[in-house]
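Below is input39.cif, which holds mmCIF, C-alpha atoms.
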data_structure
#
loop_
_atom_site.label_atom_id
_atom_site.label_comp_id
_atom_site.auth_asym_id
_atom_site.auth_seq_id
_atom_site.Cartn_x
_atom_site.Cartn_y
_atom_site.Cartn_z
CA MET L 1 150.92 -50.42 74.91
CA ASN L 2 152.40 -53.48 73.23
CA GLU L 3 149.59 -56.03 73.46
CA SER L 4 151.88 -59.02 73.72
CA ALA L 5 153.59 -57.47 76.70
CA SER L 6 150.43 -56.18 78.36
CA PRO L 7 150.13 -57.17 82.01
CA ALA L 8 146.41 -57.55 81.37
CA ARG L 9 147.28 -60.63 79.37
CA SER L 10 150.20 -61.83 81.42
CA ASN L 11 149.81 -64.67 83.87
CA GLY L 12 153.25 -64.30 85.36
CA PRO L 13 155.69 -65.13 86.62
CA TYR L 14 157.03 -61.84 85.17
CA PHE L 15 155.43 -58.49 84.45
CA GLY L 16 157.96 -56.95 82.11
CA ASP L 17 161.20 -57.07 84.09
CA PHE L 18 159.41 -57.49 87.43
CA GLY L 19 158.14 -60.49 89.37
CA GLY L 20 159.60 -63.99 89.45
CA ARG L 21 160.55 -66.18 92.38
CA PHE L 22 163.44 -65.54 94.74
CA VAL L 23 162.76 -67.95 97.62
CA PRO L 24 164.44 -70.84 99.46
CA GLU L 25 164.40 -74.15 97.59
CA ALA L 26 162.10 -75.58 100.28
CA LEU L 27 159.26 -73.34 99.11
CA ILE L 28 159.41 -74.01 95.37
CA ALA L 29 157.25 -77.14 95.60
CA ALA L 30 154.70 -75.29 97.77
CA LEU L 31 154.48 -72.41 95.30
CA ASP L 32 154.05 -74.88 92.44
CA GLU L 33 151.30 -76.61 94.44
CA ILE L 34 149.44 -73.32 94.97
CA ASP L 35 149.80 -72.40 91.31
CA ALA L 36 148.49 -75.78 90.16
CA ALA L 37 145.63 -75.75 92.67
CA TYR L 38 144.53 -72.28 91.61
CA GLN L 39 144.77 -73.03 87.89
CA LYS L 40 142.58 -76.11 88.42
CA ALA L 41 140.12 -74.32 90.73
CA SER L 42 139.72 -71.27 88.49
CA ASN L 43 138.43 -73.62 85.77
CA ASP L 44 136.23 -75.62 88.14
CA PRO L 45 132.56 -74.51 88.18
CA GLU L 46 132.17 -75.90 91.71
CA TYR L 47 134.95 -73.67 93.12
CA ILE L 48 133.68 -70.63 91.23
CA ALA L 49 130.10 -71.22 92.42
CA GLU L 50 131.21 -71.72 96.04
CA LEU L 51 133.26 -68.51 96.00
CA ASN L 52 130.49 -66.51 94.33
CA GLU L 53 127.99 -67.77 96.91
CA LEU L 54 130.27 -66.67 99.74
CA HIS L 55 130.68 -63.25 98.13
CA ARG L 56 126.88 -62.91 97.86
CA THR L 57 125.79 -64.27 101.23
CA TYR L 58 128.83 -63.66 103.46
CA THR L 59 130.87 -60.75 102.09
CA GLY L 60 127.86 -58.74 100.92
CA ARG L 61 128.80 -58.33 97.25
CA PRO L 62 128.29 -56.54 95.02
CA SER L 63 129.54 -53.61 97.06
CA ILE L 64 127.68 -50.38 96.31
CA MET L 65 128.90 -47.15 94.73
CA THR L 66 128.35 -43.79 96.42
CA GLU L 67 128.58 -40.36 94.78
CA VAL L 68 129.98 -37.70 97.12
CA PRO L 69 128.98 -34.22 95.84
CA ARG L 70 129.73 -32.26 99.04
CA PHE L 71 133.23 -33.75 99.17
CA ALA L 72 133.61 -33.05 95.45
CA GLU L 73 132.98 -29.33 96.00
CA HIS L 74 136.55 -29.32 97.33
CA ALA L 75 137.80 -31.17 94.24
CA GLY L 76 136.89 -28.78 91.44
CA ASN L 77 133.26 -30.00 91.48
CA ALA L 78 134.26 -33.12 89.58
CA ARG L 79 131.87 -36.08 89.84
CA ILE L 80 133.49 -38.37 92.41
CA LEU L 81 132.20 -41.90 92.91
CA LEU L 82 133.40 -44.15 95.73
CA LYS L 83 133.54 -47.93 95.30
CA ARG L 84 132.51 -48.97 98.82
CA GLU L 85 134.76 -51.89 99.75
CA ASP L 86 134.56 -50.53 103.30
CA LEU L 87 131.05 -52.01 103.52
CA ASN L 88 132.22 -55.60 103.01
CA HIS L 89 132.10 -58.05 105.91
CA THR L 90 135.28 -57.40 107.99
CA GLY L 91 135.40 -53.84 106.65
CA SER L 92 137.74 -53.88 103.68
CA HIS L 93 138.55 -55.35 100.26
CA LYS L 94 140.80 -57.94 101.92
CA ILE L 95 137.96 -60.45 102.33
CA ASN L 96 137.78 -60.90 98.51
CA ASN L 97 141.23 -62.49 98.33
CA VAL L 98 141.04 -64.31 101.64
CA LEU L 99 137.92 -66.32 100.86
CA GLY L 100 139.38 -67.51 97.56
CA GLN L 101 142.66 -68.60 99.15
CA ALA L 102 140.96 -70.21 102.15
CA LEU L 103 138.92 -72.39 99.79
CA LEU L 104 142.17 -73.31 98.02
CA THR L 105 143.69 -74.27 101.38
CA LYS L 106 140.92 -76.79 101.94
CA ARG L 107 141.33 -78.13 98.41
CA MET L 108 145.07 -78.65 99.00
CA GLY L 109 144.25 -80.65 102.13
CA LYS L 110 146.03 -78.26 104.48
CA THR L 111 144.70 -77.50 107.93
CA ARG L 112 146.44 -74.27 108.89
CA VAL L 113 146.86 -70.79 107.46
CA ILE L 114 149.38 -68.12 108.35
CA ALA L 115 149.27 -64.51 107.24
CA GLU L 116 151.01 -61.19 107.67
CA THR L 117 149.19 -57.96 108.35
CA GLY L 118 150.00 -54.28 108.72
CA ALA L 119 146.81 -52.37 109.43
CA GLY L 120 145.14 -55.55 110.60
CA GLN L 121 142.55 -55.67 107.82
CA HIS L 122 144.12 -58.68 106.12
CA GLY L 123 144.67 -60.34 109.49
CA VAL L 124 141.05 -59.89 110.51
CA ALA L 125 139.83 -61.16 107.13
CA THR L 126 142.12 -64.20 107.36
CA ALA L 127 141.05 -65.00 110.92
CA THR L 128 137.42 -64.68 109.80
CA ALA L 129 137.83 -67.07 106.87
CA ALA L 130 139.75 -69.53 109.07
CA ALA L 131 136.92 -69.53 111.62
CA LEU L 132 134.35 -69.99 108.87
CA LEU L 133 136.16 -72.95 107.29
CA GLY L 134 137.61 -74.57 110.42
CA LEU L 135 141.30 -73.82 109.83
CA ASP L 136 143.97 -73.12 112.45
CA CYS L 137 145.26 -69.58 112.05
CA THR L 138 148.38 -67.64 113.03
CA ILE L 139 148.80 -63.95 112.18
CA TYR L 140 152.19 -62.19 112.16
CA MET L 141 152.08 -58.48 112.87
CA GLY L 142 154.82 -55.96 113.63
CA ALA L 143 154.83 -54.95 117.28
CA GLU L 144 154.55 -51.28 116.31
CA ASP L 145 151.47 -52.14 114.25
CA THR L 146 149.91 -54.11 117.12
CA ARG L 147 150.07 -50.92 119.14
CA ARG L 148 148.67 -48.76 116.31
CA GLN L 149 145.93 -51.29 115.54
CA ALA L 150 145.07 -52.72 118.98
CA LEU L 151 141.37 -52.99 118.10
CA ASN L 152 142.11 -55.27 115.15
CA VAL L 153 144.44 -57.41 117.30
CA ALA L 154 141.53 -57.97 119.70
CA ARG L 155 139.22 -58.80 116.76
CA MET L 156 141.65 -61.43 115.45
CA ARG L 157 141.95 -63.05 118.88
CA LEU L 158 138.16 -63.07 119.29
CA LEU L 159 137.98 -64.95 116.00
CA GLY L 160 140.30 -67.63 117.38
CA ALA L 161 143.58 -66.64 115.74
CA GLU L 162 147.00 -66.54 117.39
CA VAL L 163 148.56 -63.11 116.90
CA VAL L 164 152.38 -63.00 116.99
CA ALA L 165 153.84 -59.54 117.60
CA VAL L 166 157.14 -59.27 115.70
CA GLU L 167 159.76 -57.28 117.60
CA ALA L 168 162.46 -57.30 114.89
CA GLY L 169 163.44 -54.38 112.63
CA SER L 170 161.00 -51.51 112.40
CA GLN L 171 158.29 -53.77 113.89
CA THR L 172 156.02 -53.16 110.90
CA LEU L 173 154.67 -55.07 107.89
CA LYS L 174 158.06 -55.85 106.33
CA ASP L 175 159.18 -57.63 109.48
CA ALA L 176 155.86 -59.47 109.82
CA ILE L 177 156.32 -60.88 106.30
CA ASN L 178 159.86 -62.02 107.15
CA GLU L 179 158.58 -63.96 110.18
CA ALA L 180 155.68 -65.47 108.23
CA PHE L 181 158.10 -66.80 105.59
CA ARG L 182 160.24 -68.35 108.36
CA ASP L 183 157.17 -70.11 109.76
CA TRP L 184 156.14 -71.30 106.29
CA VAL L 185 159.54 -72.87 105.55
CA ALA L 186 159.21 -74.94 108.73
CA SER L 187 155.53 -75.90 108.34
CA VAL L 188 154.88 -76.04 104.61
CA GLU L 189 153.48 -79.58 104.67
CA THR L 190 150.42 -78.54 106.71
CA THR L 191 150.29 -74.78 106.22
CA HIS L 192 149.24 -72.39 103.46
CA TYR L 193 150.72 -68.90 103.55
CA LEU L 194 147.63 -66.80 102.81
CA PHE L 195 149.48 -63.87 101.26
CA GLY L 196 147.59 -60.60 101.46
CA THR L 197 148.79 -58.45 98.62
CA VAL L 198 150.01 -58.53 95.03
CA ALA L 199 153.66 -58.79 96.07
CA GLY L 200 155.75 -61.86 96.91
CA PRO L 201 156.84 -64.72 94.65
CA HIS L 202 154.83 -66.14 91.76
CA PRO L 203 151.96 -67.08 91.82
CA PHE L 204 150.88 -64.64 94.56
CA PRO L 205 150.91 -61.41 92.48
CA ALA L 206 148.67 -62.89 89.79
CA LEU L 207 146.60 -64.99 92.20
CA VAL L 208 145.75 -62.10 94.54
CA ARG L 209 145.11 -59.81 91.56
CA ASP L 210 142.64 -62.27 90.07
CA LEU L 211 140.77 -62.59 93.37
CA GLN L 212 140.62 -58.79 93.81
CA ARG L 213 139.67 -58.13 90.20
CA ILE L 214 135.99 -58.42 91.18
CA VAL L 215 136.23 -54.85 92.58
CA GLY L 216 137.03 -53.37 89.18
CA VAL L 217 134.63 -55.62 87.27
CA GLU L 218 131.73 -54.42 89.42
CA ALA L 219 132.90 -50.79 89.41
CA ARG L 220 133.28 -50.68 85.62
CA GLU L 221 129.64 -51.71 85.17
CA GLN L 222 128.32 -49.50 87.99
CA VAL L 223 130.05 -46.30 86.89
CA GLN L 224 128.62 -46.68 83.38
CA GLU L 225 125.12 -47.24 84.81
CA ILE L 226 125.40 -44.06 86.89
CA THR L 227 127.18 -41.72 84.46
CA GLY L 228 126.60 -43.31 81.07
CA ARG L 229 130.31 -43.58 80.37
CA LEU L 230 133.66 -44.75 81.66
CA PRO L 231 135.43 -42.58 84.24
CA ASP L 232 138.22 -40.20 83.29
CA ALA L 233 140.36 -41.64 86.07
CA VAL L 234 140.47 -44.47 88.60
CA VAL L 235 142.28 -43.60 91.84
CA ALA L 236 143.42 -45.97 94.60
CA CYS L 237 145.97 -46.07 97.41
CA VAL L 238 149.05 -48.26 96.94
CA GLY L 239 151.08 -50.04 99.60
CA GLY L 240 151.66 -53.56 98.36
CA GLY L 241 148.92 -52.71 95.91
CA SER L 242 146.07 -55.25 96.16
CA ASN L 243 143.09 -52.89 96.19
CA ALA L 244 144.62 -50.74 93.46
CA ILE L 245 145.34 -53.62 91.10
CA GLY L 246 141.87 -55.01 91.80
CA ILE L 247 140.11 -51.87 90.64
CA PHE L 248 142.66 -50.93 87.93
CA HIS L 249 142.78 -54.24 86.11
CA PRO L 250 139.44 -54.25 84.24
CA PHE L 251 140.28 -50.73 82.95
CA ILE L 252 143.80 -51.45 81.68
CA ASP L 253 142.73 -51.81 78.07
CA ASP L 254 140.65 -48.60 78.23
CA ALA L 255 143.43 -46.22 77.19
CA GLN L 256 141.26 -43.13 77.83
CA VAL L 257 140.92 -44.03 81.54
CA ARG L 258 143.82 -42.78 83.64
CA LEU L 259 144.97 -45.13 86.39
CA ILE L 260 146.42 -43.27 89.37
CA GLY L 261 147.97 -44.88 92.42
CA CYS L 262 148.57 -42.80 95.56
CA GLU L 263 151.46 -43.99 97.69
CA ALA L 264 152.43 -42.90 101.18
CA ALA L 265 154.83 -39.96 101.25
CA GLY L 266 154.83 -39.83 105.07
CA ASP L 267 156.70 -36.68 106.10
CA GLY L 268 157.57 -36.01 102.43
CA VAL L 269 159.60 -37.74 99.73
CA ASP L 270 162.42 -35.27 100.32
CA THR L 271 162.82 -36.73 103.83
CA ALA L 272 163.89 -40.19 105.01
CA ARG L 273 160.42 -40.89 106.45
CA HIS L 274 158.15 -42.09 103.66
CA ALA L 275 156.95 -45.23 101.88
CA ALA L 276 156.88 -43.87 98.32
CA THR L 277 158.31 -46.98 96.72
CA ILE L 278 157.55 -46.17 93.10
CA THR L 279 158.40 -42.46 93.36
CA GLN L 280 161.70 -43.03 95.18
CA GLY L 281 162.42 -46.77 94.89
CA THR L 282 164.85 -48.68 92.69
CA PRO L 283 164.73 -52.24 91.28
CA GLY L 284 165.62 -54.96 93.77
CA VAL L 285 164.44 -58.18 95.39
CA LEU L 286 162.15 -58.08 98.43
CA HIS L 287 160.05 -60.91 99.88
CA GLY L 288 160.57 -63.24 96.96
CA ALA L 289 159.98 -60.96 93.97
CA HIS L 290 161.92 -58.51 91.80
CA SER L 291 160.20 -55.15 92.00
CA LEU L 292 160.75 -51.57 93.11
CA MET L 293 161.84 -51.08 96.71
CA LEU L 294 163.41 -48.59 99.08
CA GLN L 295 167.06 -49.59 99.51
CA ASP L 296 170.45 -48.05 100.17
CA GLU L 297 173.43 -48.15 97.82
CA ASP L 298 174.43 -51.54 99.26
CA GLY L 299 171.01 -53.05 98.53
CA GLN L 300 169.90 -53.03 102.16
CA THR L 301 166.19 -52.42 102.65
CA LEU L 302 165.42 -48.99 104.08
CA GLU L 303 162.83 -48.48 106.78
CA SER L 304 159.60 -46.99 105.52
CA HIS L 305 157.19 -44.65 107.28
CA SER L 306 153.54 -43.80 106.95
CA ILE L 307 150.83 -42.79 109.39
CA SER L 308 148.91 -45.63 107.76
CA ALA L 309 150.06 -49.05 108.96
CA GLY L 310 148.64 -50.60 105.79
CA LEU L 311 150.88 -48.50 103.52
CA ASP L 312 154.01 -48.67 105.70
CA TYR L 313 155.90 -51.07 103.42
CA PRO L 314 159.18 -50.50 101.51
CA GLY L 315 158.15 -52.56 98.45
CA VAL L 316 155.33 -52.78 95.93
CA GLY L 317 153.78 -55.52 93.84
CA PRO L 318 155.63 -56.26 90.58
CA GLU L 319 152.63 -55.55 88.36
CA HIS L 320 152.51 -51.99 89.71
CA ALA L 321 156.22 -51.62 88.97
CA TRP L 322 155.48 -52.73 85.41
CA LEU L 323 152.47 -50.42 85.04
CA ALA L 324 154.65 -47.52 86.20
CA ALA L 325 157.57 -48.46 83.93
CA SER L 326 155.29 -48.85 80.92
CA GLY L 327 153.55 -45.55 81.60
CA ARG L 328 150.08 -47.11 81.74
CA ALA L 329 149.55 -46.01 85.34
CA GLU L 330 150.67 -42.91 87.23
CA TYR L 331 151.80 -42.98 90.84
CA ARG L 332 151.71 -39.92 93.07
CA PRO L 333 153.03 -39.41 96.62
CA VAL L 334 150.60 -38.20 99.31
CA THR L 335 151.92 -37.01 102.67
CA ASP L 336 150.49 -37.90 106.07
CA THR L 337 149.12 -34.37 106.41
CA GLN L 338 147.44 -34.43 102.99
CA ALA L 339 145.88 -37.82 103.71
CA MET L 340 144.57 -36.78 107.11
CA ASP L 341 143.09 -33.57 105.68
CA ALA L 342 141.19 -35.68 103.14
CA PHE L 343 140.21 -38.15 105.89
CA ARG L 344 138.54 -35.39 107.92
CA LEU L 345 136.96 -33.79 104.87
CA LEU L 346 135.15 -36.99 103.92
CA CYS L 347 133.98 -37.44 107.51
CA GLU L 348 132.57 -33.93 107.74
CA THR L 349 131.06 -33.61 104.26
CA GLU L 350 129.65 -37.09 103.64
CA GLY L 351 129.39 -38.86 107.01
CA ILE L 352 131.84 -41.60 105.96
CA ILE L 353 134.91 -42.45 108.07
CA PRO L 354 137.48 -43.96 105.67
CA ALA L 355 140.53 -46.03 106.44
CA ILE L 356 143.64 -43.85 106.47
CA GLU L 357 144.93 -45.94 103.58
CA SER L 358 141.91 -44.93 101.52
CA ALA L 359 142.34 -41.30 102.58
CA HIS L 360 145.52 -41.20 100.49
CA ALA L 361 143.40 -41.96 97.41
CA LEU L 362 140.85 -39.34 98.47
CA SER L 363 143.62 -36.74 98.66
CA GLY L 364 144.73 -37.75 95.18
CA ALA L 365 141.15 -37.35 93.94
CA ILE L 366 140.96 -33.82 95.35
CA ASP L 367 144.04 -32.75 93.40
CA LEU L 368 142.93 -34.58 90.27
CA GLY L 369 139.44 -33.05 90.38
CA LYS L 370 140.96 -29.57 90.49
CA GLU L 371 143.07 -30.50 87.45
CA LEU L 372 140.26 -32.05 85.40
CA GLY L 373 137.35 -29.79 86.35
CA PRO L 374 133.59 -30.24 86.80
CA GLU L 375 132.96 -32.24 83.63
CA SER L 376 135.21 -35.07 84.80
CA VAL L 377 134.25 -38.37 86.43
CA ILE L 378 136.66 -39.80 89.01
CA LEU L 379 136.26 -43.29 90.47
CA VAL L 380 137.93 -43.84 93.86
CA SER L 381 138.47 -47.14 95.64
CA LEU L 382 137.37 -46.73 99.25
CA SER L 383 139.30 -49.83 100.26
CA GLY L 384 138.42 -49.93 103.96
CA ARG L 385 136.51 -48.31 106.79
CA GLY L 386 138.15 -46.19 109.44
CA ASP L 387 137.02 -47.78 112.70
CA LYS L 388 140.50 -49.19 113.23
CA ASP L 389 142.04 -45.73 112.70
CA VAL L 390 139.91 -43.75 115.14
CA ASN L 391 142.65 -43.76 117.80
CA THR L 392 145.21 -42.45 115.32
CA ALA L 393 142.82 -39.81 114.00
CA ALA L 394 141.76 -38.72 117.49
CA ARG L 395 145.39 -38.14 118.44
CA TRP L 396 146.22 -36.43 115.12
CA PHE L 397 143.29 -33.99 115.43
CA GLU L 398 143.56 -33.71 119.26
CA LEU L 399 139.96 -34.80 119.75
CA LEU L 400 140.30 -36.58 123.09
CA ASP L 401 139.34 -34.77 126.25
CA GLU L 402 142.06 -34.40 128.86
CA GLY L 403 142.27 -37.56 130.96
CA ALA L 404 140.22 -39.59 128.49
CA GLU L 405 141.27 -43.18 127.96
CA GLN L 406 142.26 -44.40 124.52
CA LEU L 407 139.32 -45.43 122.36
#
Mind turning the file's structure into C-alpha cells?
Amino acid sequence: MNESASPARSNGPYFGDFGGRFVPEALIAALDEIDAAYQKASNDPEYIAELNELHRTYTGRPSIMTEVPRFAEHAGNARILLKREDLNHTGSHKINNVLGQALLTKRMGKTRVIAETGAGQHGVATATAAALLGLDCTIYMGAEDTRRQALNVARMRLLGAEVVAVEAGSQTLKDAINEAFRDWVASVETTHYLFGTVAGPHPFPALVRDLQRIVGVEAREQVQEITGRLPDAVVACVGGGSNAIGIFHPFIDDAQVRLIGCEAAGDGVDTARHAATITQGTPGVLHGAHSLMLQDEDGQTLESHSISAGLDYPGVGPEHAWLAASGRAEYRPVTDTQAMDAFRLLCETEGIIPAIESAHALSGAIDLGKELGPESVILVSLSGRGDKDVNTAARWFELLDEGAEQL
C-alpha cells in the first residue's frame, strides 16, 4: 500500500476518493466546532485521563478475550479468539465512542445530545452517557426497528431519553439518520449530534474511528500474549462499520494480517433484499459523505434488508470503501440464514449469546477457518451481546411455546 495514501495515516476529510462533507451550509460551522474540539481534546491530558478513567471504572475495559475451541471444531479447528465487547457496560462496543463524544459535548458547552440507532445499542449507550453526564437526550429510531428492538426502546426510556419512532421510508436506520439531521439543523446551537458510526460527514468517520480504535489496540496485545504471534485474520461485521474499523485499524500496517468485513446479505445478494453495500454498492453520497451505497440508476437510495437491525443500512463508512478499493481489506456477504446458524452454534457450543450483528462475523470465521486450517489464528470482534435479539431468534428457531407471550 502506498504509505502516503494509507488510511492509517489519514485524518480526513477524504480516504482516497471517499469521505468529505455534503451537508447543508447551516451545519458546516457545527462540524468545524466538533473537529476543533476533538483536535484540542485529543491532545489534552485531562480529557484523555477522564476518558480512560471512565473506560476503566464505568465501561469495564480492557474487555477480555475468549478462545472458543468447541465452536472452532466447526471452523476447521482453527484457533478462534473472540474480543468480548459484548461484556462492556450497555452490552456492546458502542459505549467506547459515546463516552468520548459525550465528554466533548460538555466541553463545547452544549446541553443536549441527539442520536440515531438501528439495533438500539448506540441509542442505549447514548442515553446512558447522557444520564451519567446530565445531558438531555433524544434518540431517533425507525419504527420498524422499535418493534424489532422493543427491549432496547424500554431501556432508553428508563435512562431518561426521549425515543422518537420514525415512520418515514423503510422505518429503519437510514430514516432515523435523516430525522436526526433535520433536528440538528434546527437545534445546532444547543445540541451535539452524537453520531454512532464511521459514516457521515467529516469529522465523524475519523472521530468515531479514533474512539473505537481502543478495541484493536487491546486485541493486538492480547492475541500476542495468548498465541505468541499476530493473527492470520481479523474478522468483524460491517453495517456502518464502527466495530470493524475499531478492531481493524491497529492491524492495517501488518500486511500479513488479513482484514475481513462481513456485511449483511439478507436473503442473498442476488435478490433485492440485502444490505451488502460494498459487494453490490456503487459510489454515491449518503448522509453527508461520499462512499459506497445501494442506489438505483437514477441515484435514488435503495431500501436495504437484514435480519439484524444494526446492519440494515444502505451505506458504509468511507474508510471501509477505501480499504475495499485499495485491496487492504476483504468484504464478504453473509446471509440471514448463515448468520443465524452461526448465532445458534455459538450459543450451543460455548454458552455465549451473541448479537445477530456479531453472528455475521462468526459465520465469516467459520468459512475462513475451513479455508485456513488448524494452524491458523482468527480474531473475531464480538461487538455486542444478544439479549436484545432473543425475540428475533426465538421466532426464527420457533422456540416459543404455543400461546406464549413475546419475551
What are the closest atom pairs, with distances in Å to one decimal, for each residue of range 150-197 of chain L lying within 12 Å of range 84-99 of chain L, using all atoms listed in the file, rows by chain and rising residue number, as JSON lines?
{"residue": "L:Asn152", "atom": "CA", "partner": "L:Thr90", "partner_atom": "CA", "distance": 10.1}
{"residue": "L:Arg155", "atom": "CA", "partner": "L:Thr90", "partner_atom": "CA", "distance": 9.7}
{"residue": "L:Met156", "atom": "CA", "partner": "L:Thr90", "partner_atom": "CA", "distance": 10.6}
{"residue": "L:Leu159", "atom": "CA", "partner": "L:Thr90", "partner_atom": "CA", "distance": 11.3}
{"residue": "L:His192", "atom": "CA", "partner": "L:Val98", "partner_atom": "CA", "distance": 11.7}
{"residue": "L:Tyr193", "atom": "CA", "partner": "L:Val98", "partner_atom": "CA", "distance": 10.9}
{"residue": "L:Leu194", "atom": "CA", "partner": "L:Val98", "partner_atom": "CA", "distance": 7.1}
{"residue": "L:Phe195", "atom": "CA", "partner": "L:Val98", "partner_atom": "CA", "distance": 8.5}
{"residue": "L:Gly196", "atom": "CA", "partner": "L:Lys94", "partner_atom": "CA", "distance": 7.3}
{"residue": "L:Thr197", "atom": "CA", "partner": "L:Asn97", "partner_atom": "CA", "distance": 8.6}
Open item on the list: At a cut-off of 12 Å around the point (149.2, -47.4, 113.5) (file coordinates), what residues fall inside when counting all atoms listed in the file? I'd like the answer as a PyMOL selection string.
Closed with: chain L and resi 117-120+141-153+171-173+305-312+355-357+386+388-393+395-396
Task: CA of His320 in chain L to CA of Gly364 in chain L, straight-line distance in Å - done: 17.1 Å
List the residues sitting within 8 Å of (158.9, -67.8, 93.6) in the file's frame, using all atoms listed in the file, as a PDB file with C-alpha atoms, in the frame of the given file.
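Ended up saving to selection-v1.pdb:
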ATOM      1  CA  GLY L  20     159.600 -63.990  89.450  1.00  0.00           C
ATOM      2  CA  ARG L  21     160.550 -66.180  92.380  1.00  0.00           C
ATOM      3  CA  PHE L  22     163.440 -65.540  94.740  1.00  0.00           C
ATOM      4  CA  VAL L  23     162.760 -67.950  97.620  1.00  0.00           C
ATOM      5  CA  LEU L  27     159.260 -73.340  99.110  1.00  0.00           C
ATOM      6  CA  ILE L  28     159.410 -74.010  95.370  1.00  0.00           C
ATOM      7  CA  LEU L  31     154.480 -72.410  95.300  1.00  0.00           C
ATOM      8  CA  GLY L 200     155.750 -61.860  96.910  1.00  0.00           C
ATOM      9  CA  PRO L 201     156.840 -64.720  94.650  1.00  0.00           C
ATOM     10  CA  HIS L 202     154.830 -66.140  91.760  1.00  0.00           C
ATOM     11  CA  PRO L 203     151.960 -67.080  91.820  1.00  0.00           C
ATOM     12  CA  GLY L 288     160.570 -63.240  96.960  1.00  0.00           C
ATOM     13  CA  ALA L 289     159.980 -60.960  93.970  1.00  0.00           C
TER      14      ALA L 289
END
Within 12 Å of range 100-112 of chain L, which residues of range 155-244 of chain L show up? Give each one with its shortest atom-to-atom distance in Å (one decimal) and the two atoms involved, counting only C-alpha atoms, rows by chain then rising residue number, as JSON lines.
{"residue": "L:Ala161", "atom": "CA", "partner": "L:Arg112", "partner_atom": "CA", "distance": 10.6}
{"residue": "L:Glu162", "atom": "CA", "partner": "L:Arg112", "partner_atom": "CA", "distance": 11.5}
{"residue": "L:Asp183", "atom": "CA", "partner": "L:Arg112", "partner_atom": "CA", "distance": 11.5}
{"residue": "L:Trp184", "atom": "CA", "partner": "L:Arg112", "partner_atom": "CA", "distance": 10.5}
{"residue": "L:Ser187", "atom": "CA", "partner": "L:Arg112", "partner_atom": "CA", "distance": 9.3}
{"residue": "L:Val188", "atom": "CA", "partner": "L:Lys110", "partner_atom": "CA", "distance": 9.1}
{"residue": "L:Glu189", "atom": "CA", "partner": "L:Lys110", "partner_atom": "CA", "distance": 7.6}
{"residue": "L:Thr190", "atom": "CA", "partner": "L:Lys110", "partner_atom": "CA", "distance": 4.9}
{"residue": "L:Thr191", "atom": "CA", "partner": "L:Arg112", "partner_atom": "CA", "distance": 4.7}
{"residue": "L:His192", "atom": "CA", "partner": "L:Thr105", "partner_atom": "CA", "distance": 6.2}
{"residue": "L:Tyr193", "atom": "CA", "partner": "L:Arg112", "partner_atom": "CA", "distance": 8.7}
{"residue": "L:Leu194", "atom": "CA", "partner": "L:Gln101", "partner_atom": "CA", "distance": 6.4}
{"residue": "L:Phe195", "atom": "CA", "partner": "L:Gln101", "partner_atom": "CA", "distance": 8.6}
{"residue": "L:Gly196", "atom": "CA", "partner": "L:Gln101", "partner_atom": "CA", "distance": 9.7}
{"residue": "L:Thr197", "atom": "CA", "partner": "L:Gln101", "partner_atom": "CA", "distance": 11.9}
{"residue": "L:Pro203", "atom": "CA", "partner": "L:Gln101", "partner_atom": "CA", "distance": 11.9}
{"residue": "L:Phe204", "atom": "CA", "partner": "L:Gln101", "partner_atom": "CA", "distance": 10.2}
{"residue": "L:Leu207", "atom": "CA", "partner": "L:Gln101", "partner_atom": "CA", "distance": 8.8}
{"residue": "L:Val208", "atom": "CA", "partner": "L:Gln101", "partner_atom": "CA", "distance": 8.5}
{"residue": "L:Arg209", "atom": "CA", "partner": "L:Gly100", "partner_atom": "CA", "distance": 11.3}
{"residue": "L:Asp210", "atom": "CA", "partner": "L:Gly100", "partner_atom": "CA", "distance": 9.7}
{"residue": "L:Leu211", "atom": "CA", "partner": "L:Gly100", "partner_atom": "CA", "distance": 6.6}
{"residue": "L:Gln212", "atom": "CA", "partner": "L:Gly100", "partner_atom": "CA", "distance": 9.6}
{"residue": "L:Arg213", "atom": "CA", "partner": "L:Gly100", "partner_atom": "CA", "distance": 11.9}
{"residue": "L:Ile214", "atom": "CA", "partner": "L:Gly100", "partner_atom": "CA", "distance": 11.6}
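Among the candidate residues L:Glu263, L:Asp341, L:Glu179, L:Glu67, the one lying nearest to Val377 in chain L is L:Glu67, with distances computed using all atoms listed in the file.
Of the listed residues L:Pro13, L:Gly228, L:Pro318, L:Gly284, the one whose atoms come nearest to Leu302 in chain L is L:Gly284, with distances taken using all atoms listed in the file.
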Open item on the list: Which residue is closest to Ala115 in chain L? Choose from L:Asn178, L:Asn77, L:Thr282, L:Thr227 and count all atoms listed in the file.
Closed with: L:Asn178
TODO: To one decimal in Å, tell me the separation between CA of Pro69 in chain L and CA of Thr349 in chain L.
DONE: 8.7 Å
Task: Contacts of range 378-385 of chain L at 8 Å (all atoms listed in the file; same-chain gap of 4+ positions) as a PyMOL selection string - done: chain L and resi 78-87+91-93+223+231-237+243-244+247+353-355+357-358+361-362+365+369
